[in-house]
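Student: This structure is in structure tokens; I'll ask about it shortly.
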Amino acid sequence: MYEAFYGLASKPFQLSPDPSFYFGSKQHRRAKAYLDYGVLRSDGFIVITGEIGAGKTTLVRGLLDSLNRSNVVIGNVVTTQLDAEDTLRLVGAAFGVRVKDLPKSELLMALEAFFVSEASRGKRCLLIVDEAQNLTARAVEELRMLSNFQFGNQSLVQTFLVGQPEFRGILQRPEMEQFRQRIAASCHIGPLDEEDTQRYIEHRLKCAGAADKPTFDADAFTALHRASHGIPRRINTLCDRLLLLGFMHENPHLTAADVDEVVEDLAKESASAPAPAVHGAQINGHASGGELAVDLDLSRLRARVGQGGASGEIGALADELAGLNLDGQDARLQRIEDSLMRLERINQQTLSLLQKLVGAMR
């Protein structure tokens, strides 16, 4: 919509991961160094964690694109709350192995036969498991057992586990000791600092063909970092709307005031979104039944009331509800964003399987 106004060849701040826009921040360069080391080992597990929108998928895709794809077979799995055997079936489907209606013993034999066949042809098998924080302990154990498959001294499959920060806590459980010993490399991607936020924005604009437009005040980058908390996907959302605002105002120079206007608009849009029905509440940790738990800290409210009388009660209640509203909005938006990304990955996986089927029919 605004590309022609800024002289851009493509949209610079799309939300879907695109390796061609990969930006090597300090965080991502460190993570990639660990991943390169893990891939060179050709066995074990590589664990990548980070907040939603931190760039985990883009990092993995960039790493895979650097490999010799003629010698690599890649299987992609997006996990949900599945039991261990269903997780194995997803692995088989990701590699194109016929696993329908097979008992577990035959399923494992079919997977091993496929991995051996690929290894005998000089190919490496890489398994990418996204949303790894949803894996059950039994599912993780089944993946560990797959790593036992050997062809001579060569491991038959190497696995990337990509997940949100809570997956790191899962791995620290005592029952995960054997699995931890199989981890070849592990990295966590944190948010960008203010300097990298500016470099990230400029990098994406350059990749999209920007020359002399748009331009930014220095304070605009500070405002963007503050509003996005350094999370790349949030930066993309803000910058996309910021460029749209400049286009509508026919002004290619963007300021901190423009950023504040975009943030305010997004907040209003979020506040105007219909909230889910509330059929129950949770007060001081005790649920009264319903779909949405609302946690009001009554002890804190009483303390405020005691300090300020009736006017203090009104102010305390307003503050409490305002904080609850913001927290609820953020949680809902994060769940929606997470669901959309899962749907996108599932669509990509389905498309890949259909392409394989078409290729096999030819």
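Ordering of the structure tokens sets the chain letters (A, B, ...), residue numbers begin anew at 1 in every chain, and ligands are numbered from 1 in the order given.
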Pick out the residues sitting within 9 Å of A:Ser120, and hand them over as a ChimeraX atom specification; count only C-alpha atoms, and ignore anything fewer than 4 positions along from it in its own chain.
Tutor: /A:115-116,151
Student: Please provide the set of residues having any atom within 6 Å of stretch 183-187 of chain A, restricted to only C-alpha atoms, with same-chain residues fewer than 5 positions apart removed, written as a PyMOL selection string.
Tutor: chain A and resi 31+34+38+44-48
Student: Pick the closest to A:Leu224 from A:Val259, A:Glu264, A:Asn251, A:Pro191: which is it, counting only C-alpha atoms?
Tutor: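 Distance minimum relative to A:Leu224 lands on A:Val259.
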Student: What are the closest atom pairs, with distances in Å to one decimal, for each residue of stretch 161-196 of chain A lying within 9 Å of stretch 200-208 of chain A, using only C-alpha atoms, rows by chain and rising residue number, as CSV?
Tutor:
```
residue,atom,partner,partner_atom,distance
A:Leu192,CA,A:Tyr200,CA,8.7
A:Glu195,CA,A:Tyr200,CA,8.6
A:Asp196,CA,A:Tyr200,CA,5.8
```
Student: Could you write those residues out with N, CA and C atoms, as an mmCIF file, in the first residue's frame?
Tutor:
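part-v1.cif, written as the output of this step:
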```cif
data_model
loop_
_atom_site.group_PDB
_atom_site.id
_atom_site.type_symbol
_atom_site.label_atom_id
_atom_site.label_comp_id
_atom_site.auth_asym_id
_atom_site.auth_seq_id
_atom_site.Cartn_x
_atom_site.Cartn_y
_atom_site.Cartn_z
ATOM 1 N N LEU A 192 16.074 -7.346 21.614
ATOM 2 C CA LEU A 192 17.112 -6.463 21.094
ATOM 3 C C LEU A 192 17.285 -5.266 22.027
ATOM 4 N N GLU A 195 20.221 -0.041 20.540
ATOM 5 C CA GLU A 195 21.083 0.102 19.368
ATOM 6 C C GLU A 195 20.722 -0.902 18.280
ATOM 7 N N ASP A 196 20.524 -2.159 18.669
ATOM 8 C CA ASP A 196 20.176 -3.183 17.686
ATOM 9 C C ASP A 196 18.769 -2.981 17.133
#
```
Student: Measure the distance from atom CA of A:Arg241 to atom CA of A:Thr57 in Å and round it to one decimal.
Tutor: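 Taking atom CA of A:Arg241 and atom CA of A:Thr57, their separation equals 23.1 Å.
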Student: Determine, counting only C-alpha atoms, which protein, DNA and RNA residues have an atom within 6 Å of an atom of A:Ala256; residues of the same chain fewer than 3 positions away are not included. Present the result as a list in words.
Tutor: Asp219, Ala220, Ala223 and Val259 of chain A
Student: Nearest to A:Asp86: which of A:Gln14, A:Thr136, A:Ser117, A:Gln181 is it, counting only C-alpha atoms?
Tutor: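 Once distances to A:Asp86 are computed over only C-alpha atoms, the minimum belongs to A:Thr136.
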Student: Which residues are close to A:Val162, i.e. within 9 Å by only C-alpha atoms, leaving aside same-chain residues fewer than 3 positions away? Reply as a list in words.
Tutor: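 Counting only the stated atoms, we get Ile46, Val47, Ile48, Thr49, Gly50, Lys56, Thr57, Val60, Ile128, Val129, Asp130, Glu131, Ala132, Gln133 and Phe167 of chain A.
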Student: Take the residues just selected and output them with all heavy atoms as an mmCIF file, in the first residue's frame.
Tutor:
```cif
data_model
loop_
_atom_site.group_PDB
_atom_site.id
_atom_site.type_symbol
_atom_site.label_atom_id
_atom_site.label_comp_id
_atom_site.auth_asym_id
_atom_site.auth_seq_id
_atom_site.Cartn_x
_atom_site.Cartn_y
_atom_site.Cartn_z
ATOM 1 N N ILE A 46 19.692 -29.815 19.455
ATOM 2 C CA ILE A 46 19.983 -28.381 19.492
ATOM 3 C C ILE A 46 18.732 -27.687 20.004
ATOM 4 O O ILE A 46 17.649 -27.848 19.434
ATOM 5 C CB ILE A 46 20.381 -27.859 18.098
ATOM 6 C CG1 ILE A 46 21.684 -28.507 17.651
ATOM 7 C CG2 ILE A 46 20.502 -26.345 18.107
ATOM 8 C CD1 ILE A 46 22.101 -28.137 16.249
ATOM 9 N N VAL A 47 18.862 -26.947 21.099
ATOM 10 C CA VAL A 47 17.721 -26.315 21.757
ATOM 11 C C VAL A 47 17.795 -24.805 21.546
ATOM 12 O O VAL A 47 18.812 -24.176 21.840
ATOM 13 C CB VAL A 47 17.706 -26.638 23.264
ATOM 14 C CG1 VAL A 47 16.560 -25.894 23.952
ATOM 15 C CG2 VAL A 47 17.572 -28.143 23.484
ATOM 16 N N ILE A 48 16.705 -24.230 21.033
ATOM 17 C CA ILE A 48 16.611 -22.794 20.786
ATOM 18 C C ILE A 48 15.362 -22.276 21.476
ATOM 19 O O ILE A 48 14.259 -22.742 21.186
ATOM 20 C CB ILE A 48 16.533 -22.478 19.283
ATOM 21 C CG1 ILE A 48 17.666 -23.148 18.532
ATOM 22 C CG2 ILE A 48 16.542 -20.976 19.037
ATOM 23 C CD1 ILE A 48 17.403 -23.330 17.062
ATOM 24 N N THR A 49 15.523 -21.339 22.397
ATOM 25 C CA THR A 49 14.367 -20.772 23.081
ATOM 26 C C THR A 49 14.365 -19.252 22.927
ATOM 27 O O THR A 49 15.386 -18.631 22.641
ATOM 28 C CB THR A 49 14.368 -21.135 24.578
ATOM 29 O OG1 THR A 49 15.600 -20.704 25.182
ATOM 30 C CG2 THR A 49 14.199 -22.627 24.781
ATOM 31 N N GLY A 50 13.203 -18.663 23.134
ATOM 32 C CA GLY A 50 13.053 -17.214 23.047
ATOM 33 C C GLY A 50 11.593 -16.834 23.172
ATOM 34 O O GLY A 50 10.701 -17.674 23.020
ATOM 35 N N LYS A 56 13.107 -16.769 16.467
ATOM 36 C CA LYS A 56 13.633 -18.137 16.538
ATOM 37 C C LYS A 56 13.505 -18.840 15.189
ATOM 38 O O LYS A 56 14.460 -19.446 14.705
ATOM 39 C CB LYS A 56 12.865 -18.937 17.608
ATOM 40 C CG LYS A 56 12.917 -18.341 18.999
ATOM 41 C CD LYS A 56 12.185 -19.208 20.008
ATOM 42 C CE LYS A 56 10.697 -19.311 19.758
ATOM 43 N NZ LYS A 56 9.989 -18.030 19.942
ATOM 44 N N THR A 57 12.318 -18.750 14.596
ATOM 45 C CA THR A 57 12.078 -19.450 13.326
ATOM 46 C C THR A 57 12.948 -18.886 12.215
ATOM 47 O O THR A 57 13.506 -19.633 11.400
ATOM 48 C CB THR A 57 10.594 -19.351 12.936
ATOM 49 O OG1 THR A 57 9.799 -19.904 14.000
ATOM 50 C CG2 THR A 57 10.317 -20.121 11.662
ATOM 51 N N VAL A 60 16.468 -20.266 12.598
ATOM 52 C CA VAL A 60 16.579 -21.658 12.171
ATOM 53 C C VAL A 60 16.545 -21.761 10.648
ATOM 54 O O VAL A 60 17.349 -22.478 10.038
ATOM 55 C CB VAL A 60 15.446 -22.511 12.790
ATOM 56 C CG1 VAL A 60 15.432 -23.904 12.186
ATOM 57 C CG2 VAL A 60 15.616 -22.597 14.297
ATOM 58 N N ILE A 128 13.053 -30.739 12.801
ATOM 59 C CA ILE A 128 12.780 -29.453 13.436
ATOM 60 C C ILE A 128 11.462 -29.572 14.196
ATOM 61 O O ILE A 128 10.411 -29.805 13.586
ATOM 62 C CB ILE A 128 12.664 -28.316 12.398
ATOM 63 C CG1 ILE A 128 13.790 -28.385 11.371
ATOM 64 C CG2 ILE A 128 12.625 -26.967 13.106
ATOM 65 C CD1 ILE A 128 15.163 -28.204 11.930
ATOM 66 N N VAL A 129 11.507 -29.425 15.500
ATOM 67 C CA VAL A 129 10.305 -29.506 16.329
ATOM 68 C C VAL A 129 10.017 -28.117 16.879
ATOM 69 O O VAL A 129 10.758 -27.612 17.725
ATOM 70 C CB VAL A 129 10.476 -30.510 17.485
ATOM 71 C CG1 VAL A 129 9.194 -30.578 18.318
ATOM 72 C CG2 VAL A 129 10.829 -31.894 16.944
ATOM 73 N N ASP A 130 8.946 -27.495 16.389
ATOM 74 C CA ASP A 130 8.573 -26.160 16.841
ATOM 75 C C ASP A 130 7.542 -26.255 17.961
ATOM 76 O O ASP A 130 6.854 -27.259 18.109
ATOM 77 C CB ASP A 130 8.011 -25.362 15.666
ATOM 78 C CG ASP A 130 8.353 -23.883 15.776
ATOM 79 O OD1 ASP A 130 8.737 -23.442 16.868
ATOM 80 O OD2 ASP A 130 8.234 -23.178 14.757
ATOM 81 N N GLU A 131 7.438 -25.171 18.726
ATOM 82 C CA GLU A 131 6.550 -25.129 19.900
ATOM 83 C C GLU A 131 6.899 -26.271 20.858
ATOM 84 O O GLU A 131 6.015 -26.972 21.373
ATOM 85 C CB GLU A 131 5.075 -25.201 19.467
ATOM 86 C CG GLU A 131 4.645 -24.113 18.507
ATOM 87 C CD GLU A 131 4.711 -22.713 19.097
ATOM 88 O OE1 GLU A 131 4.810 -22.596 20.338
ATOM 89 O OE2 GLU A 131 4.696 -21.747 18.325
ATOM 90 N N ALA A 132 8.192 -26.441 21.110
ATOM 91 C CA ALA A 132 8.659 -27.580 21.908
ATOM 92 C C ALA A 132 8.179 -27.513 23.347
ATOM 93 O O ALA A 132 8.173 -28.540 24.050
ATOM 94 C CB ALA A 132 10.188 -27.644 21.868
ATOM 95 N N GLN A 133 7.781 -26.331 23.819
ATOM 96 C CA GLN A 133 7.293 -26.224 25.201
ATOM 97 C C GLN A 133 6.008 -27.017 25.411
ATOM 98 O O GLN A 133 5.621 -27.275 26.547
ATOM 99 C CB GLN A 133 7.086 -24.755 25.595
ATOM 100 C CG GLN A 133 5.860 -24.085 24.997
ATOM 101 C CD GLN A 133 6.087 -23.601 23.571
ATOM 102 O OE1 GLN A 133 7.187 -23.683 23.060
ATOM 103 N NE2 GLN A 133 5.047 -23.083 22.940
ATOM 104 N N PHE A 167 10.281 -23.788 28.098
ATOM 105 C CA PHE A 167 10.884 -25.073 27.750
ATOM 106 C C PHE A 167 12.210 -25.271 28.479
ATOM 107 O O PHE A 167 12.578 -26.401 28.800
ATOM 108 C CB PHE A 167 11.094 -25.153 26.238
ATOM 109 C CG PHE A 167 11.579 -26.505 25.761
ATOM 110 C CD1 PHE A 167 10.886 -27.660 26.076
ATOM 111 C CD2 PHE A 167 12.732 -26.628 24.999
ATOM 112 C CE1 PHE A 167 11.319 -28.905 25.652
ATOM 113 C CE2 PHE A 167 13.174 -27.862 24.567
ATOM 114 C CZ PHE A 167 12.471 -29.005 24.893
#
```
Student: Fewer than 3 positions away in the same chain doesn't count, so skip those; otherwise give me all residues within 12 Å of stretch 8-13 of chain A, counting only C-alpha atoms, as a PyMOL selection string.
Tutor: chain A and resi 1-5+16-18+20-22+200-214+232-244
Student: Which residues are close to A:Gly169, i.e. within 12 Å by only C-alpha atoms, leaving aside same-chain residues fewer than 3 positions away? Reply as a PyMOL selection string.
Tutor: chain A and resi 49+132-133+163-166+172-174+176+180
Student: DSSP says strand (DSSP E or B) for which residues of stretch 79-164 of chain A? Put them as a PDB file with all heavy atoms, in the first residue's frame?
Tutor:
```pdb
ATOM      1  N   ARG A 124      21.900 -36.432   5.403  1.00  0.00           N
ATOM      2  CA  ARG A 124      21.662 -36.215   6.823  1.00  0.00           C
ATOM      3  C   ARG A 124      20.176 -35.941   7.033  1.00  0.00           C
ATOM      4  O   ARG A 124      19.533 -35.275   6.228  1.00  0.00           O
ATOM      5  CB  ARG A 124      22.447 -35.008   7.332  1.00  0.00           C
ATOM      6  CG  ARG A 124      23.930 -35.160   7.282  1.00  0.00           C
ATOM      7  CD  ARG A 124      24.600 -33.865   7.723  1.00  0.00           C
ATOM      8  NE  ARG A 124      24.140 -33.463   9.045  1.00  0.00           N
ATOM      9  CZ  ARG A 124      24.442 -32.292   9.603  1.00  0.00           C
ATOM     10  NH1 ARG A 124      25.163 -31.409   8.931  1.00  0.00           N
ATOM     11  NH2 ARG A 124      24.030 -32.000  10.814  1.00  0.00           N
ATOM     12  N   CYS A 125      19.631 -36.437   8.139  1.00  0.00           N
ATOM     13  CA  CYS A 125      18.236 -36.169   8.487  1.00  0.00           C
ATOM     14  C   CYS A 125      18.193 -35.184   9.658  1.00  0.00           C
ATOM     15  O   CYS A 125      18.764 -35.447  10.723  1.00  0.00           O
ATOM     16  CB  CYS A 125      17.514 -37.457   8.865  1.00  0.00           C
ATOM     17  SG  CYS A 125      17.224 -38.562   7.466  1.00  0.00           S
ATOM     18  N   LEU A 126      17.518 -34.053   9.444  1.00  0.00           N
ATOM     19  CA  LEU A 126      17.336 -33.049  10.485  1.00  0.00           C
ATOM     20  C   LEU A 126      15.850 -32.936  10.805  1.00  0.00           C
ATOM     21  O   LEU A 126      15.026 -32.758   9.905  1.00  0.00           O
ATOM     22  CB  LEU A 126      17.865 -31.691  10.036  1.00  0.00           C
ATOM     23  CG  LEU A 126      19.369 -31.548   9.789  1.00  0.00           C
ATOM     24  CD1 LEU A 126      19.698 -30.122   9.365  1.00  0.00           C
ATOM     25  CD2 LEU A 126      20.151 -31.911  11.031  1.00  0.00           C
ATOM     26  N   LEU A 127      15.523 -33.046  12.066  1.00  0.00           N
ATOM     27  CA  LEU A 127      14.140 -32.906  12.521  1.00  0.00           C
ATOM     28  C   LEU A 127      13.996 -31.570  13.238  1.00  0.00           C
ATOM     29  O   LEU A 127      14.735 -31.291  14.188  1.00  0.00           O
ATOM     30  CB  LEU A 127      13.774 -34.057  13.463  1.00  0.00           C
ATOM     31  CG  LEU A 127      12.409 -33.967  14.154  1.00  0.00           C
ATOM     32  CD1 LEU A 127      11.284 -34.011  13.130  1.00  0.00           C
ATOM     33  CD2 LEU A 127      12.256 -35.090  15.177  1.00  0.00           C
ATOM     34  N   ILE A 128      13.053 -30.739  12.801  1.00  0.00           N
ATOM     35  CA  ILE A 128      12.780 -29.453  13.436  1.00  0.00           C
ATOM     36  C   ILE A 128      11.462 -29.572  14.196  1.00  0.00           C
ATOM     37  O   ILE A 128      10.411 -29.805  13.586  1.00  0.00           O
ATOM     38  CB  ILE A 128      12.664 -28.316  12.398  1.00  0.00           C
ATOM     39  CG1 ILE A 128      13.790 -28.385  11.371  1.00  0.00           C
ATOM     40  CG2 ILE A 128      12.625 -26.967  13.106  1.00  0.00           C
ATOM     41  CD1 ILE A 128      15.163 -28.204  11.930  1.00  0.00           C
ATOM     42  N   VAL A 129      11.507 -29.425  15.500  1.00  0.00           N
ATOM     43  CA  VAL A 129      10.305 -29.506  16.329  1.00  0.00           C
ATOM     44  C   VAL A 129      10.017 -28.117  16.879  1.00  0.00           C
ATOM     45  O   VAL A 129      10.758 -27.612  17.725  1.00  0.00           O
ATOM     46  CB  VAL A 129      10.476 -30.510  17.485  1.00  0.00           C
ATOM     47  CG1 VAL A 129       9.194 -30.578  18.318  1.00  0.00           C
ATOM     48  CG2 VAL A 129      10.829 -31.894  16.944  1.00  0.00           C
ATOM     49  N   ASP A 130       8.946 -27.495  16.389  1.00  0.00           N
ATOM     50  CA  ASP A 130       8.573 -26.160  16.841  1.00  0.00           C
ATOM     51  C   ASP A 130       7.542 -26.255  17.961  1.00  0.00           C
ATOM     52  O   ASP A 130       6.854 -27.259  18.109  1.00  0.00           O
ATOM     53  CB  ASP A 130       8.011 -25.362  15.666  1.00  0.00           C
ATOM     54  CG  ASP A 130       8.353 -23.883  15.776  1.00  0.00           C
ATOM     55  OD1 ASP A 130       8.737 -23.442  16.868  1.00  0.00           O
ATOM     56  OD2 ASP A 130       8.234 -23.178  14.757  1.00  0.00           O
ATOM     57  N   GLN A 150      21.596 -45.543  15.055  1.00  0.00           N
ATOM     58  CA  GLN A 150      22.960 -45.354  14.541  1.00  0.00           C
ATOM     59  C   GLN A 150      23.131 -46.103  13.227  1.00  0.00           C
ATOM     60  O   GLN A 150      22.498 -47.126  12.976  1.00  0.00           O
ATOM     61  CB  GLN A 150      23.988 -45.884  15.562  1.00  0.00           C
ATOM     62  CG  GLN A 150      23.975 -45.199  16.909  1.00  0.00           C
ATOM     63  CD  GLN A 150      24.714 -43.872  16.882  1.00  0.00           C
ATOM     64  OE1 GLN A 150      25.736 -43.733  16.224  1.00  0.00           O
ATOM     65  NE2 GLN A 150      24.191 -42.885  17.601  1.00  0.00           N
ATOM     66  N   PHE A 151      24.029 -45.574  12.388  1.00  0.00           N
ATOM     67  CA  PHE A 151      24.436 -46.244  11.153  1.00  0.00           C
ATOM     68  C   PHE A 151      25.959 -46.288  11.196  1.00  0.00           C
ATOM     69  O   PHE A 151      26.633 -45.328  10.847  1.00  0.00           O
ATOM     70  CB  PHE A 151      23.942 -45.475   9.928  1.00  0.00           C
ATOM     71  CG  PHE A 151      24.258 -46.131   8.612  1.00  0.00           C
ATOM     72  CD1 PHE A 151      23.672 -47.326   8.250  1.00  0.00           C
ATOM     73  CD2 PHE A 151      25.161 -45.536   7.731  1.00  0.00           C
ATOM     74  CE1 PHE A 151      23.953 -47.932   7.035  1.00  0.00           C
ATOM     75  CE2 PHE A 151      25.454 -46.124   6.519  1.00  0.00           C
ATOM     76  CZ  PHE A 151      24.851 -47.325   6.164  1.00  0.00           C
ATOM     77  N   GLN A 154      27.697 -43.311  12.934  1.00  0.00           N
ATOM     78  CA  GLN A 154      26.995 -42.085  12.568  1.00  0.00           C
ATOM     79  C   GLN A 154      25.597 -42.061  13.165  1.00  0.00           C
ATOM     80  O   GLN A 154      24.843 -43.026  13.070  1.00  0.00           O
ATOM     81  CB  GLN A 154      26.909 -41.983  11.033  1.00  0.00           C
ATOM     82  CG  GLN A 154      26.110 -40.792  10.541  1.00  0.00           C
ATOM     83  CD  GLN A 154      25.941 -40.817   9.036  1.00  0.00           C
ATOM     84  OE1 GLN A 154      26.509 -41.661   8.342  1.00  0.00           O
ATOM     85  NE2 GLN A 154      25.134 -39.901   8.505  1.00  0.00           N
ATOM     86  N   SER A 155      25.260 -40.942  13.804  1.00  0.00           N
ATOM     87  CA  SER A 155      23.894 -40.758  14.294  1.00  0.00           C
ATOM     88  C   SER A 155      22.974 -40.542  13.099  1.00  0.00           C
ATOM     89  O   SER A 155      23.314 -39.814  12.157  1.00  0.00           O
ATOM     90  CB  SER A 155      23.826 -39.556  15.239  1.00  0.00           C
ATOM     91  OG  SER A 155      22.520 -39.366  15.706  1.00  0.00           O
ATOM     92  N   VAL A 157      19.820 -39.199  12.989  1.00  0.00           N
ATOM     93  CA  VAL A 157      18.952 -38.026  12.979  1.00  0.00           C
ATOM     94  C   VAL A 157      19.429 -37.021  14.025  1.00  0.00           C
ATOM     95  O   VAL A 157      19.855 -37.405  15.121  1.00  0.00           O
ATOM     96  CB  VAL A 157      17.474 -38.413  13.227  1.00  0.00           C
ATOM     97  CG1 VAL A 157      17.292 -39.068  14.582  1.00  0.00           C
ATOM     98  CG2 VAL A 157      16.552 -37.205  13.093  1.00  0.00           C
ATOM     99  N   GLN A 158      19.404 -35.772  13.661  1.00  0.00           N
ATOM    100  CA  GLN A 158      19.698 -34.682  14.595  1.00  0.00           C
ATOM    101  C   GLN A 158      18.446 -33.833  14.728  1.00  0.00           C
ATOM    102  O   GLN A 158      17.749 -33.586  13.741  1.00  0.00           O
ATOM    103  CB  GLN A 158      20.864 -33.830  14.099  1.00  0.00           C
ATOM    104  CG  GLN A 158      21.313 -32.770  15.111  1.00  0.00           C
ATOM    105  CD  GLN A 158      22.555 -32.023  14.649  1.00  0.00           C
ATOM    106  OE1 GLN A 158      22.746 -31.795  13.460  1.00  0.00           O
ATOM    107  NE2 GLN A 158      23.409 -31.646  15.586  1.00  0.00           N
ATOM    108  N   THR A 159      18.159 -33.382  15.952  1.00  0.00           N
ATOM    109  CA  THR A 159      16.890 -32.713  16.219  1.00  0.00           C
ATOM    110  C   THR A 159      17.089 -31.301  16.753  1.00  0.00           C
ATOM    111  O   THR A 159      17.874 -31.078  17.668  1.00  0.00           O
ATOM    112  CB  THR A 159      16.060 -33.521  17.243  1.00  0.00           C
ATOM    113  OG1 THR A 159      15.844 -34.849  16.737  1.00  0.00           O
ATOM    114  CG2 THR A 159      14.710 -32.870  17.495  1.00  0.00           C
ATOM    115  N   PHE A 160      16.353 -30.352  16.140  1.00  0.00           N
ATOM    116  CA  PHE A 160      16.267 -28.978  16.637  1.00  0.00           C
ATOM    117  C   PHE A 160      14.974 -28.861  17.434  1.00  0.00           C
ATOM    118  O   PHE A 160      13.896 -29.170  16.914  1.00  0.00           O
ATOM    119  CB  PHE A 160      16.208 -27.984  15.484  1.00  0.00           C
ATOM    120  CG  PHE A 160      17.492 -27.774  14.746  1.00  0.00           C
ATOM    121  CD1 PHE A 160      18.028 -28.767  13.945  1.00  0.00           C
ATOM    122  CD2 PHE A 160      18.173 -26.573  14.839  1.00  0.00           C
ATOM    123  CE1 PHE A 160      19.202 -28.579  13.249  1.00  0.00           C
ATOM    124  CE2 PHE A 160      19.350 -26.363  14.148  1.00  0.00           C
ATOM    125  CZ  PHE A 160      19.870 -27.366  13.351  1.00  0.00           C
ATOM    126  N   LEU A 161      15.064 -28.393  18.667  1.00  0.00           N
ATOM    127  CA  LEU A 161      13.879 -28.147  19.485  1.00  0.00           C
ATOM    128  C   LEU A 161      13.750 -26.642  19.685  1.00  0.00           C
ATOM    129  O   LEU A 161      14.613 -26.006  20.296  1.00  0.00           O
ATOM    130  CB  LEU A 161      13.998 -28.858  20.835  1.00  0.00           C
ATOM    131  CG  LEU A 161      14.026 -30.386  20.772  1.00  0.00           C
ATOM    132  CD1 LEU A 161      14.369 -30.977  22.131  1.00  0.00           C
ATOM    133  CD2 LEU A 161      12.684 -30.924  20.296  1.00  0.00           C
ATOM    134  N   VAL A 162      12.679 -26.075  19.145  1.00  0.00           N
ATOM    135  CA  VAL A 162      12.480 -24.627  19.173  1.00  0.00           C
ATOM    136  C   VAL A 162      11.265 -24.324  20.028  1.00  0.00           C
ATOM    137  O   VAL A 162      10.170 -24.843  19.757  1.00  0.00           O
ATOM    138  CB  VAL A 162      12.272 -24.082  17.741  1.00  0.00           C
ATOM    139  CG1 VAL A 162      12.187 -22.559  17.764  1.00  0.00           C
ATOM    140  CG2 VAL A 162      13.380 -24.547  16.815  1.00  0.00           C
ATOM    141  N   GLY A 163      11.440 -23.518  21.069  1.00  0.00           N
ATOM    142  CA  GLY A 163      10.310 -23.275  21.955  1.00  0.00           C
ATOM    143  C   GLY A 163      10.400 -21.970  22.715  1.00  0.00           C
ATOM    144  O   GLY A 163      11.371 -21.219  22.608  1.00  0.00           O
TER     145      GLY A 163
END
```
Student: I'd like to know which residues of stretch 134-203 of chain A are alpha helix (DSSP H) (by DSSP, run on the backbone); could you write them as an MDAnalysis selection string?
Tutor: chainID A and resid 137:146 166:171 177:180 194:203
Student: Let's have the selection written as a tab-separated table (two decimals), in the first residue's frame, with C-alpha atoms.
Tutor:
```tsv
chain	number	residue	atom	x	y	z
A	137	ALA	CA	7.89	-35.62	29.21
A	138	ARG	CA	7.07	-38.92	27.47
A	139	ALA	CA	7.20	-37.27	24.05
A	140	VAL	CA	10.64	-35.82	24.83
A	141	GLU	CA	11.78	-39.28	25.89
A	142	GLU	CA	10.58	-40.77	22.59
A	143	LEU	CA	12.58	-38.15	20.71
A	144	ARG	CA	15.59	-39.04	22.81
A	145	MET	CA	15.17	-42.68	21.86
A	146	LEU	CA	15.21	-41.69	18.17
A	166	GLU	CA	9.29	-22.19	29.67
A	167	PHE	CA	10.88	-25.07	27.75
A	168	ARG	CA	14.16	-24.29	29.52
A	169	GLY	CA	12.43	-24.90	32.83
A	170	ILE	CA	11.04	-28.21	31.55
A	171	LEU	CA	14.55	-29.36	30.64
A	177	GLU	CA	18.82	-35.70	33.04
A	178	GLN	CA	19.39	-38.27	30.27
A	179	PHE	CA	17.97	-35.88	27.70
A	180	ARG	CA	20.17	-32.99	28.88
A	194	GLU	CA	18.07	0.02	21.69
A	195	GLU	CA	21.08	0.10	19.37
A	196	ASP	CA	20.18	-3.18	17.69
A	197	THR	CA	16.55	-2.08	17.42
A	198	GLN	CA	17.61	0.86	15.26
A	199	ARG	CA	19.97	-1.30	13.21
A	200	TYR	CA	17.22	-3.92	12.78
A	201	ILE	CA	14.77	-1.33	11.40
A	202	GLU	CA	17.37	0.16	9.05
A	203	HIS	CA	18.43	-3.32	7.89
```
